[in-house]
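So this block is input32.pdb, PDB, C-alpha atoms:
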```
MODEL        1
ATOM      1  CA  ALA A 203       0.000   0.000   0.000  1.00  0.00           C
ATOM      2  CA  GLY A 204       1.057   3.568  -0.554  1.00  0.00           C
ATOM      3  CA  ASP A 205       2.744   5.706   2.086  1.00  0.00           C
ATOM      4  CA  ALA A 206       1.434   9.268   1.923  1.00  0.00           C
ATOM      5  CA  GLU A 207       4.465  10.753   3.697  1.00  0.00           C
ATOM      6  CA  ALA A 208       6.802   9.059   1.252  1.00  0.00           C
ATOM      7  CA  GLY A 209       4.572  10.226  -1.574  1.00  0.00           C
ATOM      8  CA  LYS A 210       4.801  13.813  -0.418  1.00  0.00           C
ATOM      9  CA  ALA A 211       8.578  13.555  -0.468  1.00  0.00           C
ATOM     10  CA  LYS A 212       8.458  12.261  -4.047  1.00  0.00           C
ATOM     11  CA  SER A 213       5.906  14.790  -5.322  1.00  0.00           C
ATOM     12  CA  GLY A 214       8.366  17.511  -6.316  1.00  0.00           C
ATOM     13  CA  MET A 215       8.025  17.020 -10.038  1.00  0.00           C
ATOM     14  CA  CYS A 216       4.240  16.815  -9.884  1.00  0.00           C
ATOM     15  CA  VAL A 217       3.551  20.167  -8.293  1.00  0.00           C
ATOM     16  CA  ALA A 218       4.369  22.534 -11.154  1.00  0.00           C
ATOM     17  CA  CYS A 219       1.185  21.410 -12.898  1.00  0.00           C
ATOM     18  CA  HIS A 220      -0.901  19.605 -10.274  1.00  0.00           C
ATOM     19  CA  GLY A 221      -0.181  21.919  -7.338  1.00  0.00           C
ATOM     20  CA  ALA A 222       1.543  21.120  -4.049  1.00  0.00           C
ATOM     21  CA  ASP A 223      -1.798  19.993  -2.610  1.00  0.00           C
ATOM     22  CA  GLY A 224      -3.216  18.413  -5.751  1.00  0.00           C
ATOM     23  CA  ASN A 225      -5.273  21.433  -6.749  1.00  0.00           C
ATOM     24  CA  SER A 226      -4.006  22.015 -10.263  1.00  0.00           C
ATOM     25  CA  LEU A 227      -2.739  25.304 -11.557  1.00  0.00           C
ATOM     26  CA  ALA A 228      -4.534  25.343 -14.906  1.00  0.00           C
ATOM     27  CA  PRO A 229      -7.782  23.759 -16.147  1.00  0.00           C
ATOM     28  CA  MET A 230      -6.010  21.566 -18.660  1.00  0.00           C
ATOM     29  CA  TYR A 231      -4.399  19.682 -15.760  1.00  0.00           C
ATOM     30  CA  PRO A 232      -6.587  17.473 -13.590  1.00  0.00           C
ATOM     31  CA  ASN A 233      -6.957  18.015  -9.888  1.00  0.00           C
ATOM     32  CA  LEU A 234      -5.564  15.092  -7.930  1.00  0.00           C
ATOM     33  CA  ALA A 235      -6.811  16.153  -4.499  1.00  0.00           C
ATOM     34  CA  GLY A 236      -9.602  13.940  -3.229  1.00  0.00           C
ATOM     35  CA  GLN A 237      -9.303  11.492  -6.106  1.00  0.00           C
ATOM     36  CA  HIS A 238      -9.322   7.771  -5.304  1.00  0.00           C
ATOM     37  CA  ALA A 239      -5.803   6.463  -4.661  1.00  0.00           C
ATOM     38  CA  GLN A 240      -6.517   3.308  -6.622  1.00  0.00           C
ATOM     39  CA  TYR A 241      -7.415   5.328  -9.700  1.00  0.00           C
ATOM     40  CA  LEU A 242      -4.424   7.662  -9.363  1.00  0.00           C
ATOM     41  CA  GLU A 243      -2.071   4.719  -9.045  1.00  0.00           C
ATOM     42  CA  SER A 244      -3.499   3.072 -12.163  1.00  0.00           C
ATOM     43  CA  ALA A 245      -3.270   6.325 -14.118  1.00  0.00           C
ATOM     44  CA  ILE A 246       0.398   6.881 -13.193  1.00  0.00           C
ATOM     45  CA  LYS A 247       1.234   3.346 -14.284  1.00  0.00           C
ATOM     46  CA  ALA A 248      -0.741   3.754 -17.519  1.00  0.00           C
ATOM     47  CA  TYR A 249       1.326   6.832 -18.411  1.00  0.00           C
ATOM     48  CA  ARG A 250       4.548   5.119 -17.401  1.00  0.00           C
ATOM     49  CA  ASP A 251       3.733   2.026 -19.407  1.00  0.00           C
ATOM     50  CA  GLY A 252       2.837   3.955 -22.548  1.00  0.00           C
ATOM     51  CA  GLN A 253      -0.865   3.126 -22.432  1.00  0.00           C
ATOM     52  CA  ARG A 254      -1.945   6.736 -22.795  1.00  0.00           C
ATOM     53  CA  THR A 255      -1.242   8.939 -25.786  1.00  0.00           C
ATOM     54  CA  GLY A 256      -2.468  12.280 -27.089  1.00  0.00           C
ATOM     55  CA  GLY A 257      -3.289  15.433 -25.157  1.00  0.00           C
ATOM     56  CA  THR A 258      -0.791  16.180 -22.428  1.00  0.00           C
ATOM     57  CA  THR A 259       0.661  12.681 -22.428  1.00  0.00           C
ATOM     58  CA  ALA A 260       3.823  14.140 -23.964  1.00  0.00           C
ATOM     59  CA  MET A 261       4.418  15.658 -20.537  1.00  0.00           C
ATOM     60  CA  MET A 262       3.231  12.829 -18.350  1.00  0.00           C
ATOM     61  CA  THR A 263       5.007   9.894 -19.951  1.00  0.00           C
ATOM     62  CA  PRO A 264       8.539  11.166 -19.224  1.00  0.00           C
ATOM     63  CA  MET A 265       7.457  12.314 -15.748  1.00  0.00           C
ATOM     64  CA  ALA A 266       6.300   8.806 -14.927  1.00  0.00           C
ATOM     65  CA  ALA A 267       9.002   6.918 -16.788  1.00  0.00           C
ATOM     66  CA  ASN A 268      11.241   6.304 -13.793  1.00  0.00           C
ATOM     67  CA  LEU A 269       8.585   5.720 -11.160  1.00  0.00           C
ATOM     68  CA  SER A 270       8.459   2.321  -9.482  1.00  0.00           C
ATOM     69  CA  ASP A 271       5.193   0.646  -8.524  1.00  0.00           C
ATOM     70  CA  GLN A 272       5.880   1.758  -4.944  1.00  0.00           C
ATOM     71  CA  ASP A 273       6.464   5.348  -6.065  1.00  0.00           C
ATOM     72  CA  ALA A 274       3.124   5.265  -7.884  1.00  0.00           C
ATOM     73  CA  ALA A 275       1.371   3.919  -4.780  1.00  0.00           C
ATOM     74  CA  ASP A 276       3.025   6.492  -2.518  1.00  0.00           C
ATOM     75  CA  LEU A 277       2.154   9.430  -4.772  1.00  0.00           C
ATOM     76  CA  ALA A 278      -1.407   8.160  -5.128  1.00  0.00           C
ATOM     77  CA  ALA A 279      -1.754   7.902  -1.350  1.00  0.00           C
ATOM     78  CA  TYR A 280      -0.455  11.424  -0.848  1.00  0.00           C
ATOM     79  CA  PHE A 281      -2.597  13.207  -3.407  1.00  0.00           C
ATOM     80  CA  SER A 282      -5.755  11.256  -2.617  1.00  0.00           C
ATOM     81  CA  GLN A 283      -5.566  12.534   0.951  1.00  0.00           C
ATOM     82  CA  GLN A 284      -5.377  16.198  -0.016  1.00  0.00           C
ATOM     83  CA  LYS A 285      -8.451  18.414   0.056  1.00  0.00           C
ATOM     84  CA  LEU A 286     -10.040  19.566  -3.182  1.00  0.00           C
ATOM     85  CA  LYS A 287     -10.797  23.283  -3.146  1.00  0.00           C
ATOM     86  CA  GLN A 288     -14.277  23.634  -4.582  1.00  0.00           C
ATOM     87  CA  LYS A 289     -16.171  26.678  -5.766  1.00  0.00           C
TER      88      LYS A 289
ATOM     89  CA  ALA B 300     -18.765  25.621 -24.554  1.00  0.00           C
ATOM     90  CA  GLY B 301     -20.482  22.849 -22.670  1.00  0.00           C
ATOM     91  CA  ASP B 302     -24.048  23.032 -21.432  1.00  0.00           C
ATOM     92  CA  ALA B 303     -24.367  21.438 -17.998  1.00  0.00           C
ATOM     93  CA  GLU B 304     -28.112  20.840 -18.292  1.00  0.00           C
ATOM     94  CA  ALA B 305     -27.625  19.078 -21.605  1.00  0.00           C
ATOM     95  CA  GLY B 306     -24.768  17.138 -20.058  1.00  0.00           C
ATOM     96  CA  LYS B 307     -26.968  15.940 -17.225  1.00  0.00           C
ATOM     97  CA  ALA B 308     -29.494  14.674 -19.763  1.00  0.00           C
ATOM     98  CA  LYS B 309     -26.732  12.742 -21.544  1.00  0.00           C
ATOM     99  CA  SER B 310     -25.103  11.320 -18.422  1.00  0.00           C
ATOM    100  CA  GLY B 311     -27.208   8.189 -18.134  1.00  0.00           C
ATOM    101  CA  MET B 312     -24.520   5.791 -19.232  1.00  0.00           C
ATOM    102  CA  CYS B 313     -21.875   7.397 -17.003  1.00  0.00           C
ATOM    103  CA  VAL B 314     -23.598   6.998 -13.688  1.00  0.00           C
ATOM    104  CA  ALA B 315     -23.312   3.258 -13.128  1.00  0.00           C
ATOM    105  CA  CYS B 316     -19.606   3.733 -12.446  1.00  0.00           C
ATOM    106  CA  HIS B 317     -19.067   7.449 -11.873  1.00  0.00           C
ATOM    107  CA  GLY B 318     -22.220   8.129  -9.842  1.00  0.00           C
ATOM    108  CA  ALA B 319     -25.147  10.409 -10.663  1.00  0.00           C
ATOM    109  CA  ASP B 320     -23.269  13.328  -9.088  1.00  0.00           C
ATOM    110  CA  GLY B 321     -19.767  12.351 -10.220  1.00  0.00           C
ATOM    111  CA  ASN B 322     -18.833  10.710  -6.936  1.00  0.00           C
ATOM    112  CA  SER B 323     -17.791   7.297  -8.147  1.00  0.00           C
ATOM    113  CA  LEU B 324     -19.095   4.043  -6.780  1.00  0.00           C
ATOM    114  CA  ALA B 325     -15.793   2.168  -6.501  1.00  0.00           C
ATOM    115  CA  PRO B 326     -12.194   3.306  -5.999  1.00  0.00           C
ATOM    116  CA  MET B 327     -11.078   1.976  -9.360  1.00  0.00           C
ATOM    117  CA  TYR B 328     -13.290   4.586 -11.038  1.00  0.00           C
ATOM    118  CA  PRO B 329     -12.279   8.233 -10.834  1.00  0.00           C
ATOM    119  CA  ASN B 330     -14.475  10.847  -9.257  1.00  0.00           C
ATOM    120  CA  LEU B 331     -15.583  13.413 -11.822  1.00  0.00           C
ATOM    121  CA  ALA B 332     -17.186  15.877  -9.398  1.00  0.00           C
ATOM    122  CA  GLY B 333     -15.177  19.063  -9.033  1.00  0.00           C
ATOM    123  CA  GLN B 334     -12.748  18.132 -11.791  1.00  0.00           C
ATOM    124  CA  HIS B 335     -11.849  20.780 -14.363  1.00  0.00           C
ATOM    125  CA  ALA B 336     -14.226  20.687 -17.341  1.00  0.00           C
ATOM    126  CA  GLN B 337     -11.363  21.213 -19.769  1.00  0.00           C
ATOM    127  CA  TYR B 338      -9.607  18.120 -18.464  1.00  0.00           C
ATOM    128  CA  LEU B 339     -12.762  15.992 -18.448  1.00  0.00           C
ATOM    129  CA  GLU B 340     -13.518  16.983 -22.026  1.00  0.00           C
ATOM    130  CA  SER B 341     -10.007  16.080 -23.173  1.00  0.00           C
ATOM    131  CA  ALA B 342     -10.164  12.736 -21.356  1.00  0.00           C
ATOM    132  CA  ILE B 343     -13.507  11.777 -22.938  1.00  0.00           C
ATOM    133  CA  LYS B 344     -12.133  12.594 -26.382  1.00  0.00           C
ATOM    134  CA  ALA B 345      -8.919  10.665 -25.678  1.00  0.00           C
ATOM    135  CA  TYR B 346     -10.961   7.555 -24.852  1.00  0.00           C
ATOM    136  CA  ARG B 347     -13.216   8.059 -27.867  1.00  0.00           C
ATOM    137  CA  ASP B 348     -10.273   8.549 -30.188  1.00  0.00           C
ATOM    138  CA  GLY B 349      -8.439   5.455 -28.974  1.00  0.00           C
ATOM    139  CA  GLN B 350      -5.604   7.363 -27.301  1.00  0.00           C
ATOM    140  CA  ARG B 351      -5.967   5.513 -24.025  1.00  0.00           C
ATOM    141  CA  THR B 352      -5.440   1.798 -23.570  1.00  0.00           C
ATOM    142  CA  GLY B 353      -5.009  -0.566 -20.637  1.00  0.00           C
ATOM    143  CA  GLY B 354      -6.749  -0.532 -17.272  1.00  0.00           C
ATOM    144  CA  THR B 355     -10.455   0.188 -17.550  1.00  0.00           C
ATOM    145  CA  THR B 356     -10.177   1.579 -21.064  1.00  0.00           C
ATOM    146  CA  ALA B 357     -11.980  -1.530 -22.288  1.00  0.00           C
ATOM    147  CA  MET B 358     -15.048  -0.027 -20.637  1.00  0.00           C
ATOM    148  CA  MET B 359     -14.530   3.615 -21.506  1.00  0.00           C
ATOM    149  CA  THR B 360     -13.724   3.372 -25.199  1.00  0.00           C
ATOM    150  CA  PRO B 361     -17.101   1.911 -26.210  1.00  0.00           C
ATOM    151  CA  MET B 362     -18.897   4.288 -23.826  1.00  0.00           C
ATOM    152  CA  ALA B 363     -17.284   7.255 -25.543  1.00  0.00           C
ATOM    153  CA  ALA B 364     -17.350   5.909 -29.078  1.00  0.00           C
ATOM    154  CA  ASN B 365     -20.512   7.657 -30.183  1.00  0.00           C
ATOM    155  CA  LEU B 366     -20.078  10.948 -28.333  1.00  0.00           C
ATOM    156  CA  SER B 367     -19.757  14.124 -30.380  1.00  0.00           C
ATOM    157  CA  ASP B 368     -17.436  16.949 -29.387  1.00  0.00           C
ATOM    158  CA  GLN B 369     -20.517  18.778 -28.089  1.00  0.00           C
ATOM    159  CA  ASP B 370     -21.559  15.746 -26.031  1.00  0.00           C
ATOM    160  CA  ALA B 371     -18.080  15.668 -24.493  1.00  0.00           C
ATOM    161  CA  ALA B 372     -18.243  19.369 -23.648  1.00  0.00           C
ATOM    162  CA  ASP B 373     -21.727  19.049 -22.174  1.00  0.00           C
ATOM    163  CA  LEU B 374     -20.822  16.068 -20.001  1.00  0.00           C
ATOM    164  CA  ALA B 375     -17.645  17.795 -18.848  1.00  0.00           C
ATOM    165  CA  ALA B 376     -19.610  20.906 -17.895  1.00  0.00           C
ATOM    166  CA  TYR B 377     -22.117  18.880 -15.916  1.00  0.00           C
ATOM    167  CA  PHE B 378     -19.724  16.756 -13.911  1.00  0.00           C
ATOM    168  CA  SER B 379     -17.272  19.585 -13.247  1.00  0.00           C
ATOM    169  CA  GLN B 380     -20.048  21.491 -11.507  1.00  0.00           C
ATOM    170  CA  GLN B 381     -20.933  18.673  -9.112  1.00  0.00           C
ATOM    171  CA  LYS B 382     -19.652  18.651  -5.548  1.00  0.00           C
ATOM    172  CA  LEU B 383     -16.981  16.158  -4.521  1.00  0.00           C
ATOM    173  CA  LYS B 384     -17.832  14.413  -1.262  1.00  0.00           C
ATOM    174  CA  GLN B 385     -14.651  14.405   0.748  1.00  0.00           C
ATOM    175  CA  LYS B 386     -13.757  12.519   3.901  1.00  0.00           C
TER     176      LYS B 386
ENDMDL
END
```
Would you encode the structure as structure tokens?
Amino acid sequence: AGDAEAGKAKSGMCVACHGADGNSLAPMYPNLAGQHAQYLESAIKAYRDGQRTGGTTAMMTPMAANLSDQDAADLAAYFSQQKLKQK
Amino acid sequence: AGDAEAGKAKSGMCVACHGADGNSLAPMYPNLAGQHAQYLESAIKAYRDGQRTGGTTAMMTPMAANLSDQDAADLAAYFSQQKLKQK
């Protein structure tokens, strides 16, 4: 299972687009805050494994390329536990 | 731009997994409530256009196959305006 503290420590390269707390900085980037960890983990792996193309995948694939399964679980745990800021 | 009321009317096939209000029914399915409309629209089109594979894409690609660009925008508008239920 993912370790949210470890995920936070690994989240440095995520925050420029997705925000330090998972509230993204532009509407083309999805919010991660409050999303299910299981879904986030599967999405990270899908980018890493080349299963997503098009759109902003050109950014995400290299970001995810060097993440281990544990990294993916840790990041998913961290962002899923953040609070989505809603209008 | 998307029309949220039209999106609601078109959301029938989404709700079995993503919930009537975009709060999904199982952790393998992403919440849509509170997500940026621009991102949701791009994701729907990516599934429709075969740019995503793996994971639960086997479900999403046929769901999205017959959606027009306007359908995608309408659905994105609707779900983005729903409230995420957070723990």
For chain B, work out the contacting residues on chain A at 12 Å, counting all atoms listed in the file, and write them as a PyMOL selection string.
-> chain A and resi 220+224-259+278+282-289
Got a sec to resolve the PyMOL selection byres ((chain A and resi 211) around 12) on this structure and send the residues as a PyMOL selection string?
-> chain A and resi 205-210+212-217+222+273+276-277+279-281
Please give chain A as a short mmCIF file (atom, residue, chain, number, x, y, z; two decimals) with C-alpha atoms, keeping the file's coordinate frame, after it has been superposed on chain B by least squares over all Cα atoms paired in order.
```cif
data_model
loop_
_atom_site.label_atom_id
_atom_site.label_comp_id
_atom_site.auth_asym_id
_atom_site.auth_seq_id
_atom_site.Cartn_x
_atom_site.Cartn_y
_atom_site.Cartn_z
CA ALA A 203 -18.77 25.61 -24.56
CA GLY A 204 -20.48 22.85 -22.67
CA ASP A 205 -24.06 23.04 -21.44
CA ALA A 206 -24.36 21.44 -18.00
CA GLU A 207 -28.11 20.85 -18.30
CA ALA A 208 -27.63 19.08 -21.61
CA GLY A 209 -24.77 17.14 -20.08
CA LYS A 210 -26.96 15.95 -17.24
CA ALA A 211 -29.48 14.67 -19.76
CA LYS A 212 -26.73 12.74 -21.55
CA SER A 213 -25.09 11.33 -18.41
CA GLY A 214 -27.21 8.19 -18.12
CA MET A 215 -24.52 5.79 -19.21
CA CYS A 216 -21.88 7.40 -17.01
CA VAL A 217 -23.60 7.01 -13.68
CA ALA A 218 -23.30 3.26 -13.12
CA CYS A 219 -19.59 3.73 -12.45
CA HIS A 220 -19.07 7.46 -11.87
CA GLY A 221 -22.22 8.13 -9.84
CA ALA A 222 -25.14 10.41 -10.67
CA ASP A 223 -23.26 13.33 -9.11
CA GLY A 224 -19.77 12.36 -10.22
CA ASN A 225 -18.83 10.71 -6.94
CA SER A 226 -17.78 7.28 -8.16
CA LEU A 227 -19.09 4.04 -6.79
CA ALA A 228 -15.80 2.16 -6.50
CA PRO A 229 -12.18 3.29 -6.01
CA MET A 230 -11.08 1.96 -9.37
CA TYR A 231 -13.29 4.58 -11.05
CA PRO A 232 -12.27 8.23 -10.82
CA ASN A 233 -14.47 10.84 -9.26
CA LEU A 234 -15.57 13.41 -11.82
CA ALA A 235 -17.18 15.86 -9.40
CA GLY A 236 -15.19 19.05 -9.04
CA GLN A 237 -12.74 18.13 -11.78
CA HIS A 238 -11.85 20.78 -14.35
CA ALA A 239 -14.23 20.69 -17.33
CA GLN A 240 -11.37 21.21 -19.75
CA TYR A 241 -9.60 18.12 -18.45
CA LEU A 242 -12.76 16.00 -18.45
CA GLU A 243 -13.52 16.99 -22.02
CA SER A 244 -10.01 16.08 -23.16
CA ALA A 245 -10.17 12.74 -21.35
CA ILE A 246 -13.51 11.78 -22.94
CA LYS A 247 -12.13 12.60 -26.38
CA ALA A 248 -8.92 10.67 -25.68
CA TYR A 249 -10.96 7.55 -24.85
CA ARG A 250 -13.20 8.07 -27.86
CA ASP A 251 -10.27 8.56 -30.18
CA GLY A 252 -8.43 5.47 -28.97
CA GLN A 253 -5.60 7.37 -27.30
CA ARG A 254 -5.95 5.51 -24.02
CA THR A 255 -5.42 1.80 -23.55
CA GLY A 256 -5.00 -0.57 -20.62
CA GLY A 257 -6.76 -0.55 -17.27
CA THR A 258 -10.46 0.18 -17.55
CA THR A 259 -10.19 1.57 -21.06
CA ALA A 260 -12.00 -1.55 -22.29
CA MET A 261 -15.07 -0.03 -20.66
CA MET A 262 -14.53 3.60 -21.51
CA THR A 263 -13.72 3.36 -25.19
CA PRO A 264 -17.11 1.92 -26.22
CA MET A 265 -18.90 4.29 -23.83
CA ALA A 266 -17.30 7.26 -25.54
CA ALA A 267 -17.36 5.91 -29.08
CA ASN A 268 -20.53 7.67 -30.16
CA LEU A 269 -20.07 10.95 -28.32
CA SER A 270 -19.76 14.12 -30.37
CA ASP A 271 -17.44 16.96 -29.39
CA GLN A 272 -20.51 18.78 -28.08
CA ASP A 273 -21.56 15.75 -26.02
CA ALA A 274 -18.08 15.66 -24.50
CA ALA A 275 -18.25 19.37 -23.66
CA ASP A 276 -21.74 19.05 -22.17
CA LEU A 277 -20.83 16.06 -20.00
CA ALA A 278 -17.65 17.80 -18.86
CA ALA A 279 -19.62 20.90 -17.90
CA TYR A 280 -22.13 18.87 -15.92
CA PHE A 281 -19.72 16.75 -13.92
CA SER A 282 -17.27 19.58 -13.25
CA GLN A 283 -20.06 21.48 -11.51
CA GLN A 284 -20.95 18.68 -9.12
CA LYS A 285 -19.65 18.64 -5.56
CA LEU A 286 -16.98 16.16 -4.53
CA LYS A 287 -17.84 14.42 -1.27
CA GLN A 288 -14.65 14.42 0.76
CA LYS A 289 -13.72 12.56 3.91
#
```
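Of note, atom CA of Pro264 of chain A and atom CA of Ala357 of chain B are spaced 24.3 Å apart.
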Students should find that atom CA of Ser270 of chain A and atom CA of Asp223 of chain A are spaced 21.6 Å
Edge lengths and centre in Å to one decimal, as AutoDock Vina command-line options, is what I'm after for the box along x, y and z that holds all listed atoms of segment 237-243 of chain A once 6 Å is added on each side.
```
--center_x -5.7 --center_y 7.4 --center_z -7.2 --size_x 19.3 --size_y 20.2 --size_z 17.0
```
